[in-house]
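Asks: Quick one, start27.cif (mmCIF, C-alpha atoms):
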```
data_run
#
loop_
_atom_site.group_PDB
_atom_site.id
_atom_site.type_symbol
_atom_site.label_atom_id
_atom_site.label_comp_id
_atom_site.auth_asym_id
_atom_site.auth_seq_id
_atom_site.Cartn_x
_atom_site.Cartn_y
_atom_site.Cartn_z
ATOM 1 C CA MET Q 1 6.668 -14.528 -59.998
ATOM 2 C CA SER Q 2 10.204 -14.013 -58.718
ATOM 3 C CA GLY Q 3 11.786 -12.597 -55.630
ATOM 4 C CA THR Q 4 11.710 -13.357 -51.947
ATOM 5 C CA ILE Q 5 9.861 -12.407 -48.830
ATOM 6 C CA THR Q 6 10.912 -12.635 -45.202
ATOM 7 C CA LEU Q 7 8.515 -15.013 -43.502
ATOM 8 C CA ASN Q 8 8.806 -14.990 -39.714
ATOM 9 C CA GLY Q 9 12.383 -13.873 -40.062
ATOM 10 C CA GLU Q 10 13.404 -16.416 -42.706
ATOM 11 C CA THR Q 11 13.960 -15.665 -46.374
ATOM 12 C CA THR Q 12 11.387 -17.512 -48.448
ATOM 13 C CA PRO Q 13 10.611 -17.532 -52.179
ATOM 14 C CA LEU Q 14 7.794 -15.244 -53.209
ATOM 15 C CA THR Q 15 4.925 -17.245 -54.666
ATOM 16 C CA ASP Q 16 1.470 -16.568 -56.010
ATOM 17 C CA GLY Q 17 -1.486 -16.736 -53.708
ATOM 18 C CA GLY Q 18 -0.515 -14.290 -51.002
ATOM 19 C CA VAL Q 19 -1.243 -14.885 -47.350
ATOM 20 C CA ILE Q 20 -3.675 -17.734 -47.912
ATOM 21 C CA ALA Q 21 -1.090 -19.688 -49.885
ATOM 22 C CA ILE Q 22 1.530 -19.115 -47.202
ATOM 23 C CA LEU Q 23 -0.782 -20.528 -44.550
ATOM 24 C CA ARG Q 24 -1.656 -23.517 -46.722
ATOM 25 C CA ASP Q 25 2.037 -24.192 -47.339
ATOM 26 C CA LEU Q 26 2.496 -24.280 -43.570
ATOM 27 C CA GLU Q 27 -0.422 -26.721 -43.342
ATOM 28 C CA ILE Q 28 -2.450 -24.175 -41.404
ATOM 29 C CA ASP Q 29 -6.153 -23.857 -42.010
ATOM 30 C CA PRO Q 30 -6.685 -20.168 -42.876
ATOM 31 C CA ALA Q 31 -10.009 -20.387 -41.058
ATOM 32 C CA ALA Q 32 -8.378 -21.540 -37.797
ATOM 33 C CA ARG Q 33 -9.002 -19.329 -34.792
ATOM 34 C CA GLY Q 34 -6.246 -17.403 -33.085
ATOM 35 C CA LEU Q 35 -4.120 -16.486 -36.080
ATOM 36 C CA ALA Q 36 -2.887 -13.061 -37.072
ATOM 37 C CA VAL Q 37 -0.788 -11.746 -39.931
ATOM 38 C CA ALA Q 38 1.264 -8.600 -40.373
ATOM 39 C CA VAL Q 39 2.986 -7.371 -43.525
ATOM 40 C CA ASN Q 40 5.764 -4.803 -43.207
ATOM 41 C CA GLY Q 41 4.809 -4.003 -39.632
ATOM 42 C CA ALA Q 42 1.089 -3.528 -40.175
ATOM 43 C CA VAL Q 43 -1.632 -6.004 -39.230
ATOM 44 C CA VAL Q 44 -3.583 -7.375 -42.174
ATOM 45 C CA PRO Q 45 -7.148 -8.113 -41.070
ATOM 46 C CA ARG Q 46 -8.338 -11.623 -41.810
ATOM 47 C CA ALA Q 47 -10.923 -10.303 -44.265
ATOM 48 C CA GLN Q 48 -8.101 -8.975 -46.442
ATOM 49 C CA TRP Q 49 -5.940 -12.112 -46.459
ATOM 50 C CA SER Q 50 -7.274 -13.219 -49.807
ATOM 51 C CA GLU Q 51 -6.966 -9.760 -51.352
ATOM 52 C CA ILE Q 52 -3.557 -8.467 -50.386
ATOM 53 C CA ALA Q 53 -0.755 -9.033 -52.890
ATOM 54 C CA LEU Q 54 2.725 -9.705 -51.588
ATOM 55 C CA ARG Q 55 5.725 -8.068 -53.227
ATOM 56 C CA ASP Q 56 9.412 -8.834 -53.431
ATOM 57 C CA GLY Q 57 11.066 -7.901 -50.134
ATOM 58 C CA ASP Q 58 7.928 -7.890 -47.995
ATOM 59 C CA ALA Q 59 8.326 -8.865 -44.359
ATOM 60 C CA VAL Q 60 5.503 -11.182 -43.347
ATOM 61 C CA GLU Q 61 4.738 -12.214 -39.780
ATOM 62 C CA VAL Q 62 2.336 -15.038 -39.001
ATOM 63 C CA VAL Q 63 1.608 -15.454 -35.310
ATOM 64 C CA MET Q 64 -0.614 -17.429 -33.005
ATOM 65 C CA LEU Q 65 -1.142 -17.722 -29.280
ATOM 66 C CA PHE Q 66 1.095 -19.834 -27.103
ATOM 67 C CA ALA Q 67 1.435 -20.400 -23.396
ATOM 68 C CA GLY Q 68 2.461 -17.270 -21.549
ATOM 69 C CA GLY Q 69 2.732 -15.632 -18.184
ATOM 70 C CA MET Z 1 -15.802 -12.672 -2.011
ATOM 71 C CA PRO Z 2 -18.062 -9.757 -1.199
ATOM 72 C CA ASP Z 3 -17.183 -7.665 -4.253
ATOM 73 C CA LYS Z 4 -16.241 -8.356 -7.795
ATOM 74 C CA LEU Z 5 -12.985 -7.349 -9.383
ATOM 75 C CA LYS Z 6 -13.655 -4.529 -11.821
ATOM 76 C CA ILE Z 7 -11.257 -3.716 -14.638
ATOM 77 C CA ALA Z 8 -12.353 -1.217 -17.256
ATOM 78 C CA ASP Z 9 -16.006 -2.118 -17.881
ATOM 79 C CA GLN Z 10 -15.678 -5.792 -16.956
ATOM 80 C CA SER Z 11 -16.365 -7.585 -13.676
ATOM 81 C CA PHE Z 12 -14.774 -10.795 -12.457
ATOM 82 C CA GLU Z 13 -15.600 -13.128 -9.582
ATOM 83 C CA SER Z 14 -12.002 -14.270 -9.264
ATOM 84 C CA ARG Z 15 -9.163 -12.069 -8.115
ATOM 85 C CA LEU Z 16 -6.543 -14.585 -9.174
ATOM 86 C CA LEU Z 17 -5.157 -14.357 -12.704
ATOM 87 C CA LEU Z 18 -3.032 -17.285 -13.839
ATOM 88 C CA GLY Z 19 -0.388 -17.740 -16.484
ATOM 89 C CA THR Z 20 -0.379 -20.759 -18.774
ATOM 90 C CA SER Z 21 3.342 -21.381 -19.191
ATOM 91 C CA GLY Z 22 5.720 -23.960 -17.796
ATOM 92 C CA TYR Z 23 3.368 -26.633 -16.485
ATOM 93 C CA PRO Z 24 4.527 -30.258 -16.530
ATOM 94 C CA ASN Z 25 1.895 -31.060 -19.138
ATOM 95 C CA ARG Z 26 -1.327 -29.824 -20.644
ATOM 96 C CA GLN Z 27 -3.641 -31.714 -18.310
ATOM 97 C CA VAL Z 28 -1.904 -30.416 -15.199
ATOM 98 C CA MET Z 29 -2.262 -26.900 -16.569
ATOM 99 C CA LEU Z 30 -5.978 -27.367 -17.207
ATOM 100 C CA ASP Z 31 -6.493 -28.851 -13.739
ATOM 101 C CA ALA Z 32 -4.472 -26.086 -12.104
ATOM 102 C CA LEU Z 33 -6.376 -23.314 -13.890
ATOM 103 C CA ALA Z 34 -9.615 -24.912 -12.746
ATOM 104 C CA ALA Z 35 -8.380 -25.371 -9.164
ATOM 105 C CA GLY Z 36 -7.267 -21.748 -9.071
ATOM 106 C CA GLY Z 37 -10.669 -20.570 -10.197
ATOM 107 C CA ALA Z 38 -9.111 -18.091 -12.607
ATOM 108 C CA GLU Z 39 -11.281 -16.363 -15.188
ATOM 109 C CA LEU Z 40 -8.515 -14.392 -16.860
ATOM 110 C CA VAL Z 41 -5.477 -16.349 -18.051
ATOM 111 C CA THR Z 42 -2.449 -14.975 -19.836
ATOM 112 C CA VAL Z 43 -1.070 -16.174 -23.171
ATOM 113 C CA SER Z 44 1.776 -15.040 -25.402
ATOM 114 C CA VAL Z 45 1.884 -14.074 -29.065
ATOM 115 C CA ARG Z 46 4.625 -15.789 -31.031
ATOM 116 C CA ARG Z 47 5.590 -16.533 -34.588
ATOM 117 C CA ILE Z 48 4.218 -19.836 -35.727
ATOM 118 C CA SER Z 49 6.766 -22.519 -36.358
ATOM 119 C CA LEU Z 50 7.699 -22.866 -40.006
ATOM 120 C CA GLU Z 51 8.220 -26.574 -39.347
ATOM 121 C CA GLY Z 52 4.721 -27.396 -38.265
ATOM 122 C CA TYR Z 53 1.545 -26.366 -36.575
ATOM 123 C CA ALA Z 54 1.450 -26.176 -32.803
ATOM 124 C CA GLU Z 55 -1.614 -26.505 -30.643
ATOM 125 C CA SER Z 56 -3.582 -23.295 -30.378
ATOM 126 C CA MET Z 57 -4.247 -21.914 -26.916
ATOM 127 C CA VAL Z 58 -7.480 -20.517 -28.288
ATOM 128 C CA ASP Z 59 -8.791 -23.984 -29.050
ATOM 129 C CA LEU Z 60 -7.521 -25.317 -25.720
ATOM 130 C CA LEU Z 61 -8.685 -22.540 -23.385
ATOM 131 C CA GLY Z 62 -10.857 -20.136 -25.328
ATOM 132 C CA GLY Z 63 -14.105 -21.782 -24.359
ATOM 133 C CA ASP Z 64 -13.536 -21.714 -20.614
ATOM 134 C CA TYR Z 65 -11.399 -18.649 -19.948
ATOM 135 C CA ARG Z 66 -10.962 -15.114 -21.040
ATOM 136 C CA LEU Z 67 -7.529 -14.991 -22.645
ATOM 137 C CA LEU Z 68 -5.305 -12.040 -21.820
ATOM 138 C CA PRO Z 69 -2.495 -11.805 -24.389
ATOM 139 C CA ASN Z 70 0.844 -10.361 -23.361
ATOM 140 C CA THR Z 71 3.690 -8.612 -25.123
ATOM 141 C CA ALA Z 72 6.337 -10.480 -23.131
ATOM 142 C CA GLY Z 73 9.739 -10.488 -24.768
ATOM 143 C CA CYS Z 74 9.221 -7.314 -26.760
ATOM 144 C CA ALA Z 75 12.203 -4.987 -26.530
ATOM 145 C CA THR Z 76 10.856 -1.867 -28.236
ATOM 146 C CA VAL Z 77 7.703 0.213 -28.226
ATOM 147 C CA ARG Z 78 7.203 -0.623 -31.882
ATOM 148 C CA ASP Z 79 7.376 -4.381 -31.303
ATOM 149 C CA ALA Z 80 5.069 -4.182 -28.300
ATOM 150 C CA VAL Z 81 2.469 -2.155 -30.191
ATOM 151 C CA LEU Z 82 2.548 -4.503 -33.195
ATOM 152 C CA THR Z 83 2.333 -7.546 -30.918
ATOM 153 C CA ALA Z 84 -0.685 -6.035 -29.192
ATOM 154 C CA GLN Z 85 -2.304 -5.312 -32.544
ATOM 155 C CA LEU Z 86 -1.641 -8.882 -33.706
ATOM 156 C CA ALA Z 87 -3.125 -10.197 -30.476
ATOM 157 C CA ARG Z 88 -6.202 -8.060 -31.010
ATOM 158 C CA GLU Z 89 -6.612 -9.508 -34.479
ATOM 159 C CA ALA Z 90 -5.963 -13.085 -33.355
ATOM 160 C CA LEU Z 91 -8.187 -13.022 -30.285
ATOM 161 C CA ASP Z 92 -10.676 -10.326 -31.091
ATOM 162 C CA THR Z 93 -9.888 -8.645 -27.779
ATOM 163 C CA ASN Z 94 -8.619 -5.162 -27.115
ATOM 164 C CA TRP Z 95 -7.194 -6.175 -23.735
ATOM 165 C CA ILE Z 96 -3.424 -6.436 -23.504
ATOM 166 C CA LYS Z 97 -0.934 -7.212 -20.759
ATOM 167 C CA LEU Z 98 1.808 -4.818 -21.742
ATOM 168 C CA ALA Z 99 5.254 -6.121 -20.846
ATOM 169 C CA LEU Z 100 8.428 -4.433 -22.033
ATOM 170 C CA PRO Z 101 11.426 -5.991 -20.311
ATOM 171 C CA GLY Z 102 14.491 -3.781 -20.215
ATOM 172 C CA ASP Z 103 16.858 -6.722 -20.580
ATOM 173 C CA ARG Z 104 16.718 -10.491 -20.755
ATOM 174 C CA GLU Z 105 18.612 -11.082 -17.529
ATOM 175 C CA THR Z 106 16.621 -9.134 -14.974
ATOM 176 C CA LEU Z 107 13.386 -8.860 -16.969
ATOM 177 C CA TYR Z 108 12.776 -5.599 -15.164
ATOM 178 C CA PRO Z 109 10.346 -3.363 -17.024
ATOM 179 C CA ASP Z 110 11.815 -0.530 -19.086
ATOM 180 C CA SER Z 111 9.739 2.208 -17.475
ATOM 181 C CA ALA Z 112 10.365 4.922 -20.052
ATOM 182 C CA GLN Z 113 9.365 2.731 -22.992
ATOM 183 C CA LEU Z 114 6.503 1.247 -20.988
ATOM 184 C CA VAL Z 115 4.771 4.578 -20.474
ATOM 185 C CA GLU Z 116 5.281 5.503 -24.131
ATOM 186 C CA ALA Z 117 3.874 2.186 -25.360
ATOM 187 C CA ALA Z 118 0.971 2.346 -22.913
ATOM 188 C CA GLU Z 119 -0.011 5.781 -24.150
ATOM 189 C CA ALA Z 120 0.158 4.657 -27.785
ATOM 190 C CA LEU Z 121 -1.957 1.584 -27.109
ATOM 191 C CA VAL Z 122 -4.573 3.479 -25.107
ATOM 192 C CA LYS Z 123 -4.897 5.908 -28.012
ATOM 193 C CA ASP Z 124 -5.313 2.920 -30.326
ATOM 194 C CA GLY Z 125 -8.283 1.733 -28.282
ATOM 195 C CA PHE Z 126 -6.667 -0.894 -26.076
ATOM 196 C CA VAL Z 127 -7.480 -1.732 -22.471
ATOM 197 C CA VAL Z 128 -3.891 -1.707 -21.220
ATOM 198 C CA LEU Z 129 -2.692 -3.652 -18.192
ATOM 199 C CA PRO Z 130 1.006 -2.839 -17.839
ATOM 200 C CA TYR Z 131 3.501 -5.013 -16.000
ATOM 201 C CA CYS Z 132 5.593 -2.411 -14.216
ATOM 202 C CA ASN Z 133 8.080 -1.711 -11.472
ATOM 203 C CA ASP Z 134 6.945 -1.298 -7.873
ATOM 204 C CA ASP Z 135 7.391 2.437 -8.300
ATOM 205 C CA PRO Z 136 4.514 4.715 -7.267
ATOM 206 C CA ILE Z 137 5.538 7.392 -9.751
ATOM 207 C CA VAL Z 138 5.634 5.055 -12.744
ATOM 208 C CA CYS Z 139 2.304 3.598 -11.658
ATOM 209 C CA GLN Z 140 0.850 7.113 -11.479
ATOM 210 C CA LYS Z 141 2.150 7.936 -14.968
ATOM 211 C CA LEU Z 142 0.662 4.720 -16.352
ATOM 212 C CA ALA Z 143 -2.698 5.565 -14.819
ATOM 213 C CA ASP Z 144 -2.424 9.116 -16.145
ATOM 214 C CA VAL Z 145 -2.016 7.918 -19.732
ATOM 215 C CA GLY Z 146 -5.157 5.818 -19.380
ATOM 216 C CA CYS Z 147 -4.138 2.316 -18.308
ATOM 217 C CA ALA Z 148 -7.061 0.323 -16.922
ATOM 218 C CA ALA Z 149 -4.929 -1.155 -14.126
ATOM 219 C CA VAL Z 150 -1.317 -1.211 -13.028
ATOM 220 C CA MET Z 151 0.556 -4.447 -12.384
ATOM 221 C CA PRO Z 152 3.644 -3.846 -10.268
ATOM 222 C CA LEU Z 153 6.062 -6.664 -9.602
ATOM 223 C CA GLY Z 154 6.563 -8.074 -6.127
ATOM 224 C CA ALA Z 155 9.956 -9.448 -7.147
ATOM 225 C CA PRO Z 156 11.597 -10.423 -10.443
ATOM 226 C CA ILE Z 157 9.638 -12.728 -12.750
ATOM 227 C CA GLY Z 158 9.941 -16.355 -11.773
ATOM 228 C CA SER Z 159 12.049 -15.584 -8.702
ATOM 229 C CA GLY Z 160 9.528 -16.673 -6.086
ATOM 230 C CA MET Z 161 10.974 -14.036 -3.756
ATOM 231 C CA GLY Z 162 7.573 -12.765 -2.699
ATOM 232 C CA ILE Z 163 6.954 -9.068 -2.153
ATOM 233 C CA CYS Z 164 10.385 -7.539 -1.636
ATOM 234 C CA ASN Z 165 9.104 -4.045 -0.920
ATOM 235 C CA PRO Z 166 5.686 -4.292 0.717
ATOM 236 C CA TYR Z 167 5.850 -0.601 1.634
ATOM 237 C CA ASN Z 168 5.962 0.366 -2.025
ATOM 238 C CA ILE Z 169 3.127 -1.988 -2.944
ATOM 239 C CA GLY Z 170 1.058 -0.572 -0.090
ATOM 240 C CA LEU Z 171 1.842 2.974 -1.179
ATOM 241 C CA ILE Z 172 0.927 2.221 -4.789
ATOM 242 C CA CYS Z 173 -2.372 0.697 -3.648
ATOM 243 C CA ALA Z 174 -3.149 3.699 -1.452
ATOM 244 C CA ARG Z 175 -2.540 6.178 -4.270
ATOM 245 C CA SER Z 176 -3.655 4.381 -7.412
ATOM 246 C CA PRO Z 177 -6.834 5.567 -9.162
ATOM 247 C CA VAL Z 178 -6.985 2.217 -11.015
ATOM 248 C CA PRO Z 179 -6.905 -1.385 -9.726
ATOM 249 C CA VAL Z 180 -3.491 -2.665 -8.658
ATOM 250 C CA ILE Z 181 -2.683 -6.240 -9.658
ATOM 251 C CA LEU Z 182 0.440 -7.739 -8.152
ATOM 252 C CA ASP Z 183 2.281 -9.382 -11.024
ATOM 253 C CA ALA Z 184 5.445 -11.463 -10.653
ATOM 254 C CA GLY Z 185 7.481 -12.602 -7.712
ATOM 255 C CA VAL Z 186 4.902 -14.657 -5.869
ATOM 256 C CA GLY Z 187 6.448 -17.862 -4.506
ATOM 257 C CA THR Z 188 3.827 -19.288 -2.219
ATOM 258 C CA ALA Z 189 0.370 -18.675 -0.834
ATOM 259 C CA SER Z 190 1.390 -16.229 1.901
ATOM 260 C CA ASP Z 191 2.864 -13.906 -0.744
ATOM 261 C CA ALA Z 192 -0.481 -13.766 -2.540
ATOM 262 C CA ALA Z 193 -2.314 -13.184 0.744
ATOM 263 C CA LEU Z 194 0.080 -10.358 1.631
ATOM 264 C CA ALA Z 195 -0.511 -8.696 -1.728
ATOM 265 C CA MET Z 196 -4.220 -8.619 -1.059
ATOM 266 C CA GLU Z 197 -3.729 -7.459 2.548
ATOM 267 C CA LEU Z 198 -1.654 -4.569 1.214
ATOM 268 C CA GLY Z 199 -4.625 -3.485 -0.880
ATOM 269 C CA CYS Z 200 -4.106 -5.121 -4.249
ATOM 270 C CA ALA Z 201 -7.250 -5.781 -6.249
ATOM 271 C CA ALA Z 202 -5.904 -9.046 -7.675
ATOM 272 C CA VAL Z 203 -2.802 -11.199 -8.102
ATOM 273 C CA LEU Z 204 -1.353 -12.495 -11.362
ATOM 274 C CA LEU Z 205 1.062 -15.394 -11.072
ATOM 275 C CA ASN Z 206 2.386 -18.268 -13.128
ATOM 276 C CA THR Z 207 5.637 -19.899 -12.046
ATOM 277 C CA ALA Z 208 4.641 -20.359 -8.395
ATOM 278 C CA VAL Z 209 1.889 -22.696 -9.545
ATOM 279 C CA ALA Z 210 3.362 -24.156 -12.730
ATOM 280 C CA LYS Z 211 6.664 -25.151 -11.096
ATOM 281 C CA ALA Z 212 5.274 -26.238 -7.718
ATOM 282 C CA GLN Z 213 5.707 -29.930 -6.945
ATOM 283 C CA ASP Z 214 1.920 -30.213 -7.099
ATOM 284 C CA PRO Z 215 0.660 -27.393 -9.322
ATOM 285 C CA VAL Z 216 -3.007 -28.232 -8.867
ATOM 286 C CA ARG Z 217 -2.767 -28.126 -5.084
ATOM 287 C CA MET Z 218 -0.739 -24.901 -5.210
ATOM 288 C CA ALA Z 219 -3.335 -23.315 -7.479
ATOM 289 C CA ALA Z 220 -5.995 -24.130 -4.900
ATOM 290 C CA ALA Z 221 -3.751 -22.661 -2.194
ATOM 291 C CA MET Z 222 -3.381 -19.444 -4.208
ATOM 292 C CA ARG Z 223 -7.115 -19.221 -4.665
ATOM 293 C CA HIS Z 224 -7.692 -19.482 -0.928
ATOM 294 C CA ALA Z 225 -4.816 -17.105 -0.171
ATOM 295 C CA VAL Z 226 -6.182 -14.417 -2.451
ATOM 296 C CA GLU Z 227 -9.622 -14.772 -0.906
ATOM 297 C CA ALA Z 228 -8.223 -14.784 2.640
ATOM 298 C CA GLY Z 229 -6.044 -11.750 1.993
ATOM 299 C CA TYR Z 230 -8.904 -9.844 0.440
ATOM 300 C CA LEU Z 231 -11.222 -10.642 3.353
ATOM 301 C CA ALA Z 232 -8.558 -9.697 5.900
ATOM 302 C CA ARG Z 233 -7.892 -6.421 4.130
ATOM 303 C CA HIS Z 234 -11.535 -5.484 4.241
ATOM 304 C CA ALA Z 235 -12.102 -6.835 7.754
ATOM 305 C CA GLY Z 236 -9.610 -4.273 9.036
ATOM 306 C CA ARG Z 237 -6.650 -5.701 10.877
ATOM 307 C CA ILE Z 238 -5.700 -4.692 14.429
ATOM 308 C CA PRO Z 239 -2.824 -2.254 14.823
ATOM 309 C CA LYS Z 240 0.546 -3.774 15.622
ATOM 310 C CA ARG Z 241 1.776 -3.259 19.201
ATOM 311 C CA ALA Z 242 5.274 -3.564 20.519
ATOM 312 C CA TYR Z 243 4.116 -5.252 23.723
ATOM 313 C CA ALA Z 244 1.538 -7.748 24.909
ATOM 314 C CA GLU Z 245 -2.065 -7.004 25.606
ATOM 315 C CA ALA Z 246 -3.851 -9.813 27.439
ATOM 316 C CA SER Z 247 -6.788 -11.279 25.628
ATOM 317 C CA SER Z 248 -8.280 -13.066 28.665
ATOM 318 C CA PRO Z 249 -10.014 -11.085 31.472
ATOM 319 C CA GLN Z 250 -7.613 -9.758 34.117
ATOM 320 C CA LEU Z 251 -10.205 -9.929 36.965
ATOM 321 C CA GLY Z 252 -11.193 -13.003 38.990
ATOM 322 C CA LEU Z 253 -7.896 -14.752 38.709
ATOM 323 C CA ILE Z 254 -7.389 -17.733 41.058
ATOM 324 C CA GLY Z 255 -4.908 -16.956 43.837
ATOM 325 C CA THR Z 256 -5.466 -13.188 43.960
#
```
In structure tokens, how does this file's structure come out?
Replies:
Amino acid sequence: MSGTITLNGETTPLTDGGVIAILRDLEIDPAARGLAVAVNGAVVPRAQWSEIALRDGDAVEVVMLFAGG
Amino acid sequence: MPDKLKIADQSFESRLLLGTSGYPNRQVMLDALAAGGAELVTVSVRRISLEGYAESMVDLLGGDYRLLPNTAGCATVRDAVLTAQLAREALDTNWIKLALPGDRETLYPDSAQLVEAAEALVKDGFVVLPYCNDDPIVCQKLADVGCAAVMPLGAPIGSGMGICNPYNIGLICARSPVPVILDAGVGTASDAALAMELGCAAVLLNTAVAKAQDPVRMAAAMRHAVEAGYLARHAGRIPKRAYAEASSPQLGLIGT
């Protein structure tokens, strides 16, 4: 698989394994609470993380909850 | 407190909402939230670090508090809506504190975008609590599009200036069909008490506690202030007079 994605604003090589692989690469347990993922501006529900295929040029956002006011 | 705070279909014992940012350390934050008696606490939605995993606020606070995610920092309707949708996915809540600052210097809400984003989020099934200007017309528009509360500022975020226009806050409270939560500007306990005396249903604050010399003690002060202000509001204060009116009997004075 070739190409790149934009992961949280940074260009990253596109790899097999989709969202789950991205989380594992970041040493994040995909089952951890409080995570959310969007691809190209649309939220991907957790149940679809293992199904959705990423393509060259996709913009992926992985967020969690931090302190806030 | 004689009555519970009601927002949408939920009831709360506490009328003090606290932010979770800027405390000296995690333990002080936990102690301050407990001392303040808050049930609703605000959190932000941010990209995870690509360098490593940070501590999740869900794991830290999710068991003891209801987390209210915000859209702070979003500059466009599109970003705010996506952030709210991500928060809904991450937290399994459809409640959102909608914040859309117009610029990074003043952090004043962008009222035009705020109303547009609020309407979009209400239509998407969110319970929207918008951080807004102390403007009765904007507050009315936000209520009209279906917001569950309005959250006007007392003064700019983090300024500690108190309630700069108490007449506007009072007017908003008198006219609003939804609960009014004073959000931003509180510097000390008397500001929180004044908000409640003006008719606010609750107060949301962060910096006044987090940056106090003793955050835990200030959180307790805010809790008491909110309760005192609420009681005073509903006790019905005396009218102000320009001149004295003796409180002791005027008959039977020695020497008359």
Asks: Residues of chain Q within 8 Å of chain Z, counting all atoms listed in the file, what are they? List them as a PyMOL selection string.
Replies: chain Q and resi 8+26-28+33-38+41-43+45-46+61-69
Asks: Hey, what comes out of the PyMOL selection byres ((chain Z and resi 111) around 12) on this file? Could you write it as a PyMOL selection string?
Replies: chain Z and resi 75-77+98-103+107-110+112-118+130-142+152
Asks: Can you work out which one of Z:Val150, Z:Val203, Z:Gly160, Z:Ser176 has the shortest atom-to-atom distance to Leu40 in chain Z, counting all atoms listed in the file?
Replies: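 Looking only at the distances to Leu40 in chain Z, the closest residue turns out to be Z:Val203.
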Asks: If I take CA of Ala193 in chain Z and CA of Met222 in chain Z, how far is one from the other in Å, to one decimal?
Replies: 8.1 Å
Asks: Could you tell me which residues the PyMOL selection byres ((chain Q and resi 15) around 9) returns for this structure, as a PyMOL selection string?
Replies: chain Q and resi 1-4+12-14+16-18+21-22+54
Asks: Would you write out those residues with C-alpha atoms, as a compact mmCIF listing (two decimals), in the frame of the given file?
Replies:
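File selection38.txt, as written:
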```txt
# COMPACT_ATOMS: atom_id res chain seq x y z
CA MET Q 1 6.67 -14.53 -60.00
CA SER Q 2 10.20 -14.01 -58.72
CA GLY Q 3 11.79 -12.60 -55.63
CA THR Q 4 11.71 -13.36 -51.95
CA THR Q 12 11.39 -17.51 -48.45
CA PRO Q 13 10.61 -17.53 -52.18
CA LEU Q 14 7.79 -15.24 -53.21
CA ASP Q 16 1.47 -16.57 -56.01
CA GLY Q 17 -1.49 -16.74 -53.71
CA GLY Q 18 -0.52 -14.29 -51.00
CA ALA Q 21 -1.09 -19.69 -49.88
CA ILE Q 22 1.53 -19.11 -47.20
CA LEU Q 54 2.72 -9.70 -51.59
```
Asks: Neighbouring residues of Val60 in chain Q were defined as those with any atom within 6 Å, considering all atoms listed in the file; residues of the same chain fewer than 4 positions away were excluded. Please report them as a compact mmCIF listing (two decimals) with C-alpha atoms, in the frame of the given file.
Replies:
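File written: selection22.txt
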```
# COMPACT_ATOMS: atom_id res chain seq x y z
CA THR Q 6 10.91 -12.64 -45.20
CA LEU Q 7 8.52 -15.01 -43.50
CA ALA Q 38 1.26 -8.60 -40.37
CA VAL Q 39 2.99 -7.37 -43.52
```
Asks: What gap, in Å, lies between CA of Met196 in chain Z and CA of Ala149 in chain Z?
Replies: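 A separation of 15.1 Å between them.
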Asks: Starting from the PyMOL selection byres ((chain Z and resi 190) around 9), expand the selection into actual residues of this file and give them as a list in words.
Replies: Gly162, Val186, Gly187, Thr188, Ala189, Asp191, Ala192, Ala193, Leu194, Ala195, Met222, Ala225, Val226 and Gly229 of chain Z
Asks: In Å, rounded to a single decimal, give me how far CA of Ala143 in chain Z is from CA of Glu119 in chain Z.
Replies: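 Separation between CA of Glu119 in chain Z and CA of Ala143 in chain Z: 9.7 Å.
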Asks: If we count only C-alpha atoms, what is near Ile20 in chain Q at a cut-off of 9 Å, once residues fewer than 3 positions away on the same chain are taken out, given as a PDB file with C-alpha atoms, in the coordinates of the input?
Replies:
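Wrote out.pdb, looks like this:
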```
ATOM      1  CA  GLY Q  17      -1.486 -16.736 -53.708  1.00  0.00           C
ATOM      2  CA  LEU Q  23      -0.782 -20.528 -44.550  1.00  0.00           C
ATOM      3  CA  ARG Q  24      -1.656 -23.517 -46.722  1.00  0.00           C
ATOM      4  CA  ASP Q  25       2.037 -24.192 -47.339  1.00  0.00           C
ATOM      5  CA  ASP Q  29      -6.153 -23.857 -42.010  1.00  0.00           C
ATOM      6  CA  PRO Q  30      -6.685 -20.168 -42.876  1.00  0.00           C
ATOM      7  CA  TRP Q  49      -5.940 -12.112 -46.459  1.00  0.00           C
ATOM      8  CA  SER Q  50      -7.274 -13.219 -49.807  1.00  0.00           C
TER       9      SER Q  50
END
```
